[in-house]
Every structure is written in structure tokens, then in C-alpha cells.
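Undergrad: Before I ask anything, let me first share the structure, which is written out below as C-alpha cells.
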Amino acid sequence: MCILRHSQLGKTSSERISSESTSSETSNSTLNTIQGLLRDSVVRTIKETMFVGEKRGSSIFCGFRALGLYSNHLPHVVRFHKKHQEFYVVTAVGRCFHTYNVKKLGIVAVSNALPADISYLAADRMLVYAAHGKVISAFAKNRKVVHTYEGHQADVHLLLPFGDHLISVDKENAVIIWDVDSEDMYLQILFDKASFDVSAVMHPSTYLNKILFGSSQGSLQLWNIKLCCSTLNMLYFWLLYLTIAVDVVGVGLASGQIIIHNIKFNETLMKFQQDWGPITALSFRTDGHPVMAAGSPVGHIGLWDLEEKRLVGQMRDTHTTAIAGLTFLHSEPLLITNGADNAIRVWIFDVAGGEGRLLRFRMGHSAPPTKIQHYDQSGQHILSAGQDGTLQSFSTVHERFNKSLGHGSLNKAKAKKKSVMCDTAKLPPITTFALESARQSDWDSIVACHQGFLVTTTWNYQKGSMGAYKLEPERFNKNRALTAVDISSCGNFAVIALSSGHIDVYNMQSGLHRGQYGKDRAHSGPVRGVAVDALNELTVSTGADRLLKIWKFKSKELLHTVSLPASPASTLLHRDSGMLAIALDDFTVSILDMETKRIVRRFSGQRGQVNDMTFSPDGRWLIIASMDCTIRTWDLPSGSLVDCFLVDSAAISISFSPTGNFLASSHVDCLGIYLWSNNTLCSLVSLRPLPADYEPFVAILPGSCLTDDEEEDTDADNLKMAEYVSPAQLDEQLVTLSLLPDSRWKNLLHLDIIRTKNKPKEPPKVPKAAPFFIPTIPGLVPQFALPDTSSEEQSKVVNLGALAQKSSFYLQLEEGPVQLLKELGPSAIDTELRGLAPGMGGDICVMQSFLKMIGSMLLSRQDFDLAQAYLALFLKLHLRLIAEQTLLMEEAGNVLELLEETWTSMQTILNHSMCLLSYIKSALL
């Protein structure tokens, strides 16, 4: 039962998943020792760099936004902004609501998410009210919660803003009137559910302090609520009806009957009967036409003339599900509708006949997507196939670039004449598809397989419609089905695999058959995956017979066969790197190198079926989505798990953007496509292997933000990882270089050459210029003042006594002032080292202290590059003096021993590392 008023705008009812690098079976004691050392090193590194204990989702990905979500089964709310002079429509989407402007249906705001799904929406001039569970939240500026109303003992299912108050009704038949600003409970009414189960509520126009309640039993009660006191007066008790003008209400019943009733005189004015089932929504035109629109559960809208009391038009199949909300804009011939099919539509009544035509719409999938993939290299378009049978494209930039390619049909001409609902030749939903945009301007660029169907359809992305060809093998009967498909990188050929084990090749331009793989068939069982390499040289296929076969693309000759440990479920080829990911039925994923034709990686640990896989653009990461509700990121070079997080609903398909900025995912029982931003592009993210006992945390889906209580803490703490602070010295046997730029120490031995090159050819000459004002002697007769020659000429010779002043470096040399040298430039360092000689104000003991400082630097194995540079410059400047002094020669010998010891140790470590790398490289090849 629903109640509407004519002048209102409508208020209707992991373990750390270990990855083993596949190597040869040769057992070698040296290899075992190396593996043991590497394992111990990894374990030690993990222990030293454990993550901070706060709950976090993913270190690589964070939720960005959701695409393709527009409406659910709740009726929309229309608001009018006086300042903007514009209408806005608000629709509920799960735990949040979206606000669109009616002019272009562009999204204006997305609210913060609530702890539970929204059960009812209402709005007034300032606030939007959303009921979720037993709580009601009031949003300001369409985004932030400013008021919360708690007090109901059951779930709230009806709301009505009433001036400065809010009326709410729960499922236990309790009516509460709230003071909006103070959040206090003003009044409470309890109805007997057996006799009057409240199912609708409204405020009749011009009826001061009066509220009309409707019940599921078919009766109405009009209550007078005096807000200045706490008294309640029941005025009338009658059957249920609904308003269209002053004193007149209109009532939609579950039987499909519509009654127009005068509440002032309690008279029924007219009745209508709808044949499509219960009345789900009602609305009245206010632009001078006495027309009423009524919604139905089958998606049809009936238009009734209130003057002639007859049906004047039908708008069939406006939605594929029940009409959730109907609203005629005030004084405009525009009708807004929404439904549970995830669509918002605006209809305009400007044609003869009284029926509306579609003006603009926003539409997503009405059933969950089964396969998503980025269309081109720009990463701005995501192609999505849903269980509703449609193929749609969603833009990551703006919704105006979205488009629907339509529903597949065996007869396009008949499908255009008839609606999709009446098309008897429509195809079942798309299970998988392949695309290639190289020749999209010339012919179709998409090939799709349909559920349990033998025919492969082509689609044209630029035209936004089904393509010209239907690729169907003639040698099979109808009990075969398509299982996999791929398009060559040039866009000329489509490779189609069937459940019978056959693999056929078709030309995309002409749709002609161009051969098959294998004499009889390619595999003895259903083909689970097929892919063509980047150069159109090789075709790889996997089948239920546990065999992976590599064929020549042109000659169809079998080149190589690999036996798999389990039956494959799906495959994915990264064409740039030549890496083929194979998902097996034992929940493991193997990586095949197309060049060496060997399995090089095996990733295990998924606790459910692998639903989909995607490579990062550079081929370094493999992201795996499985039925255990995890999304795992594996690092191929190291063969380790670097990221893992949980989602509320298992991801059914994922796709990594070609630009590397977003990961797109679709989930079980979710209508939207969710974007996750790549944190590594804008911040430093540590990609250390996850520990063996790592337990992933749940990451909230994009577009479903945290509640306000948790939002503050999450902004600062979530996705936060413990900063790894490198120690001053990693190992006693290693050396540490300084972080100074090369310009500070690399040119110390070439300062004289630099000065020579920078020296001007001729010294600068000061031009002779007479003063502008010549000084004169004061007196009656003007006379020029002669220069004073009585003073002695100043000497230009520098006073060498100034060199006797000692620098900070000189005074602190006994303490090893390495930090002072780090702060100096090359010229200043050269000056300081020259000043250590006895002839420049220094002495032999100071030079000995400098050599001891170099020795301590070599002994500590820190700033190794600076020690070498400073020592080289010191020997260049004072080599003869060192050779003449016994004390300096002894100290230089000690430094020489430290140098030889350090270099010998470093040479041993370098040779060991080179040997290890050479061995691993030879083992992989």
C-alpha cells in the first residue's frame, strides 16, 4: 500500500603462501647449502621487519571508487535546491546513497557508508535521512552524518520529515516522532499490529499538524499532532487511500486497484484497476495535465487520465524489475523512475499520445558481472559482461562515457523491432570474451562465448553494438559449448576452443574458418584455455586431459607438450613477457615461460578455486582472486607472496589497468565494478615477503567507506606499515658507503685540473673611469681638490701570520672529525689537508692523527668511499714528507694492512655472489 500527495515530490514505499621456484631434480650439496643460507636470511629479515600489529587490508591496493552502481529496490528521493534552481535525485546503493542532478544525471555526491544497508530514504530541504537497522542517520551536504536517532526496538522501514521533526515507523508498529536538532524522542505511538499494521505514512497538503497513516489491512488513520504539547487526537478511521489535490488522496492497493478519495468528506471519487499486479509507486503530473502514473512489479507504467477516468497510455518494460519509485518533477513534463535493475531513467512527455520517451538514463548491470577486462591501453574503459546477458563499457573518467553494447541476439533485425524482454532469439549470458583494439576501426574487435552455446558472437566497440558475424563450427551438433577464446595481437584472427577438445581459427574481417589445431582434435577432453603470443608465432592450449600444448600459429603444427600435475581451470598469457599463468583444479597456479617452455614458478596456498588472474603491466606481479575471498599478489622474480587481503564477497573477475594505476574487480552477488588504486605509484611501499603465519585482514570494497567513528582512525593508521630502519652496519664482513653525492669526493684528486680549466686566460681589468663629481676646495675661487699623498701606500701582501689560526678540523683531529669533512666541499677539504703539513702551520703528530682517523674508518667499515678518497688526496699532497718521517711510515703501514684485509674480504664475498648467480641462471636455462 502506498500513499502519495499531488504537490509532493514522492514518498513511496595465509598462511604465507609459499611459492617454489621449479628447478631441476639434481640434488647437489652446494645448492642445498645455498638454499639453507637464503632461507635463514629470509627468516631473519622477516623477524626483523614484522608488520605493525594494527588491522589493515592491503599494502599495495586501497579502495578508490565503485563503477556501475546507480540504484537498488528502494524508491528514490527528489530534492529541489533553491539557490541552484535545480532538482536532485537521491538513490540508495547498499550502505550509502548517491546524489545526481536531474539535468544531466551526473553524480554530485556519494555519502559516507553506514554500518548496515539502507532500508529507507527520505529528505527535506536541509538533510537526507537514511534508516539502517534500528538506527536513523541524518546527512548534511549529501555526505556526512550530523545526527543519529536511536530508540527503536525493531528495524525502521518508514520515514517522513515533518517540519522540524522526523517521523519513523519500525516493523513492530512503533511510531516515534523525533526532534531533528536535539535528537530527542518527542512522541511515541504504538499501534496494534493485528488491527492496524502501518505500511504507509504521509502529510496531507494544507493539513496543519496532521499525519495520515495507512495500514496493510486496508484502513487509514488521520492523526492530529500538536507539536506544542504531547496530546494526540485521532480524527478519522477508514479504508486506505492516496491524495492528488487539496483534500484528495490516492491509494494504491496490493490488489492492483487505485482509489482516489477525498479525506475531508470521506468520499471515494474514482477507482482504477491495474492488471499487472500490486501498485508499487504512484505520481501525478503538476504541469497542467491531469495524469497519474502507476508502477507495477513487472516494470510497466500505466498512465491514467483523471478527468476522463481512463487509461491513456502504457510504458512497457521501462525497467526489467519492479518499479521502485516514480516522481513527476514539479511543473515539468519529466518523470523520474528507478528500480532494482540498477537503473535510473528520466522520461519526457513531449510527444502525442501521452506516453513518455526516454530522455536520459544511468544504467549498470542488473545481474552480477561475470567477466571484466580493460579495453585498450589507455586504461580508461572497462568492458564487462554480466549475468543479465548484456555487454557494457564503464569509464573510469566520467559516467558520460559509459555505454552499453546491448544484449546478444541471433536475429538483430527482429531484436530491434521487439524489446529485449520479448526477443525469443536472445542469447544466454556471456561467460568469457577476448578483445583486441588494434583493428577496431576496420572490423569487430571483441569475440564472446555464451553460456552453454556453440555460437561465438563478435561485437563492435566503436559502434556499441553486436558485430556482423556469428562464428559457428558446422561439423558439430548443438550439444557442444564454447569454453575459451582469444584474439591475435594483430586483431585479424580469433582462436576458439570447444568443450569437445577442438580448437578453430577464424578470420575477424570475413568471419571465415581458417583451420584447426590437431588432425582430429587438439585435446582429448574439454579445452580450458587458449592463447596466442605477441608475434603470432605460437599458440598455447590447455585441456582437461592435463596436457599443455604449444602449436605453431600458422602451420598448426604441434611443437611441445607439457604434462600438468592437475587438470587446468583457466590460463592467462602476458604477451610482453611471454609468461603464461595456469590455474589448476588443485588451487595452485603454475607459471610457464614461453621461451624456454618450462614451468618456472608454482604458487600454492589458495584455499579455494581460482576465479581469475591478471598480470601487472610490467609482468612483475601476478594477482590471483580465489573463492576463499582473498586477492593475492605474487612477485614473479622472487617467487614470493608480497600482498594478500580479504574481501567480503569473493572476487569473480579482476583486471589490472594497462597504465598500472588501478585494479578492477567484480564480486559475487555484487552489481558494481570496484577500483583499487595502486599505492606504489604515489608512495613508498615495502614489498617484503609476507610471513608464513600471516593472517590477511578484510578490505572494505571501494564506495563502501568506513563509518564515521572509524574513519578518523583509519585515515592515520590503516594501510600503515612499520618503517624499516636500516642499521648503520648490516654485517661485520660488509662495507658501508656514504650517502654523499659523488661531487663531494670523486674529484678530490683532480682539483688542480679543474682549477686550471676554470682559470680565465687573462686577469680581469678594471676600466679607468673619472668620477662623476670631482671634489673641490670650498672658497670664493673654485679649485679642484688634489689627492692626499701624505698617507703611506697600503701593502697588498697577505699577512702570513693569519695562517697560524687553527681550523675546527685541525683542533678536533684527535677525535676523528669525519662528520666535519662530510660537511665540507672539495676545495675546503683540499685546504684542510694541505694545512696539516708543518710548513703550513701543522706538524707531524697531526698528520699521524689523520692516518689514524683513516684507519678507524677502515676498521669500522663505514664511509668506505670517503676513506679511500681522503687517503688518496692525503698521499698525493704529502707523499715525500711521509717517506722521510719514520713515525708516519709506521702509521701508513698499519693503514695498508687494513686496506688489504678489507679488499680481500670484499673480493671473497663478490666472487661468492657471482658464483651463486651464475649457478641459478644455468639451472633455470
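Ligands are numbered from 1 in the order shown, chains are lettered A, B, ... in the order of the C-alpha cells, and residues start at 1 in each chain.
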When you look at Asp247 of chain A with a cut-off of 6 Å (counting only C-alpha atoms), what residues show up, excluding the ones that are within fewer than 2 positions of it in the same chain? I need them as a compact mmCIF listing (two decimals) with N, CA and C atoms, in the first residue's frame.

TA:
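See out.txt below for the written result:
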```
# COMPACT_ATOMS: atom_id res chain seq x y z
N ASN A 262 -11.47 11.55 -1.18
CA ASN A 262 -11.49 12.85 -0.53
C ASN A 262 -11.47 12.63 0.98
N ILE A 263 -10.41 13.07 1.63
CA ILE A 263 -10.27 12.80 3.07
C ILE A 263 -11.06 13.79 3.92
N LYS A 264 -11.48 14.90 3.32
CA LYS A 264 -12.25 15.88 4.08
C LYS A 264 -13.69 15.40 4.28
```

Undergrad: Would you kindly return, as a count of residues only, each protein, DNA or RNA residue with an atom no farther than 7 Å from any atom of segment 742-748 of chain A, considering only C-alpha atoms and excluding same-chain residues fewer than 6 positions away?

TA: 5

Undergrad: Using Å and a single decimal, report how far atom CA of Ala583 of chain A sits from atom CA of Glu595 of chain A.

TA: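 The value is 19.6 Å.
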
Undergrad: Got a sec: who's within 12 Å of Leu879 of chain A, counting only C-alpha atoms, leaving out chain neighbours fewer than 2 positions off, as a ChimeraX atom specification?

TA: /A:834,837,847,871-877,881-885,888-889,892

Undergrad: Give me a file of those residues, with C-alpha atoms, as a compact mmCIF listing (two decimals), in the first residue's frame.

TA:
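Output saved as selection_29.txt:
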```txt
# COMPACT_ATOMS: atom_id res chain seq x y z
CA ARG A 834 97.25 20.95 2.96
CA ALA A 837 101.91 19.86 6.83
CA MET A 847 99.44 14.08 10.21
CA LEU A 871 93.53 8.87 1.84
CA ALA A 872 94.32 9.25 -1.85
CA LEU A 873 94.35 13.06 -1.59
CA PHE A 874 96.48 12.96 1.57
CA LEU A 875 99.10 10.74 -0.10
CA LYS A 876 99.14 12.93 -3.19
CA LEU A 877 99.85 16.06 -1.13
CA LEU A 881 107.11 14.03 3.70
CA ILE A 882 105.60 10.70 4.77
CA ALA A 883 108.55 8.82 3.22
CA GLU A 884 111.02 10.94 5.24
CA GLN A 885 109.30 10.50 8.60
CA LEU A 888 104.34 8.46 9.53
CA MET A 889 105.70 5.41 7.67
CA ALA A 892 100.87 4.26 6.85
```

Undergrad: Just want the 12 Å neighbourhood of segment 558-560 of chain A, counted on only C-alpha atoms, with same-chain residues fewer than 4 positions away dropped. Output as an MDAnalysis selection string.

TA: chainID A and resid 516:519 521:523 537:541 547:554 594:598

Undergrad: Smallest atom-to-atom distance to Ile301 of chain A: which of A:Asn411, A:Asn911, A:Thr320, A:Ser856, using only C-alpha atoms?

TA: A:Thr320

Undergrad: Write out as a list of chain:residue names each polymer residue whose atoms come within 7 Å of Leu121 of chain A, counting only C-alpha atoms; drop sequence neighbours fewer than 6 positions from it.

TA: A:Val77, A:Tyr129, A:Ala130, A:Ala131

Undergrad: So that I can check the surroundings of segment 571-578 of chain A, please list as a JSON list (two decimals) with C-alpha atoms, in the first residue's frame every protein, DNA and RNA residue that reaches within 6 Å of it, counting only C-alpha atoms and ignoring chain neighbours fewer than 3 positions away.

TA:
```json
[["chain", "number", "residue", "atom", "x", "y", "z"],
["A", 529, "GLY", "CA", 42.43, -22.24, -22.06],
["A", 533, "ASP", "CA", 51.69, -14.94, -28.30],
["A", 534, "ALA", "CA", 52.61, -11.37, -29.17],
["A", 581, "ALA", "CA", 49.77, -18.40, -15.81],
["A", 582, "ILE", "CA", 47.89, -21.70, -15.46],
["A", 594, "MET", "CA", 57.01, -19.49, -23.38]]
```

Undergrad: In Å, how far is it from atom CA of Leu69 of chain A to atom CA of Val93 of chain A?

TA: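 We find that atom CA of Leu69 of chain A and atom CA of Val93 of chain A lie 6.8 Å from each other.
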
Undergrad: Do you have the atom CA of Gly356 of chain A-atom CA of Tyr120 of chain A distance handy?

TA: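 Separating atom CA of Gly356 of chain A from atom CA of Tyr120 of chain A is a distance of 27.8 Å.
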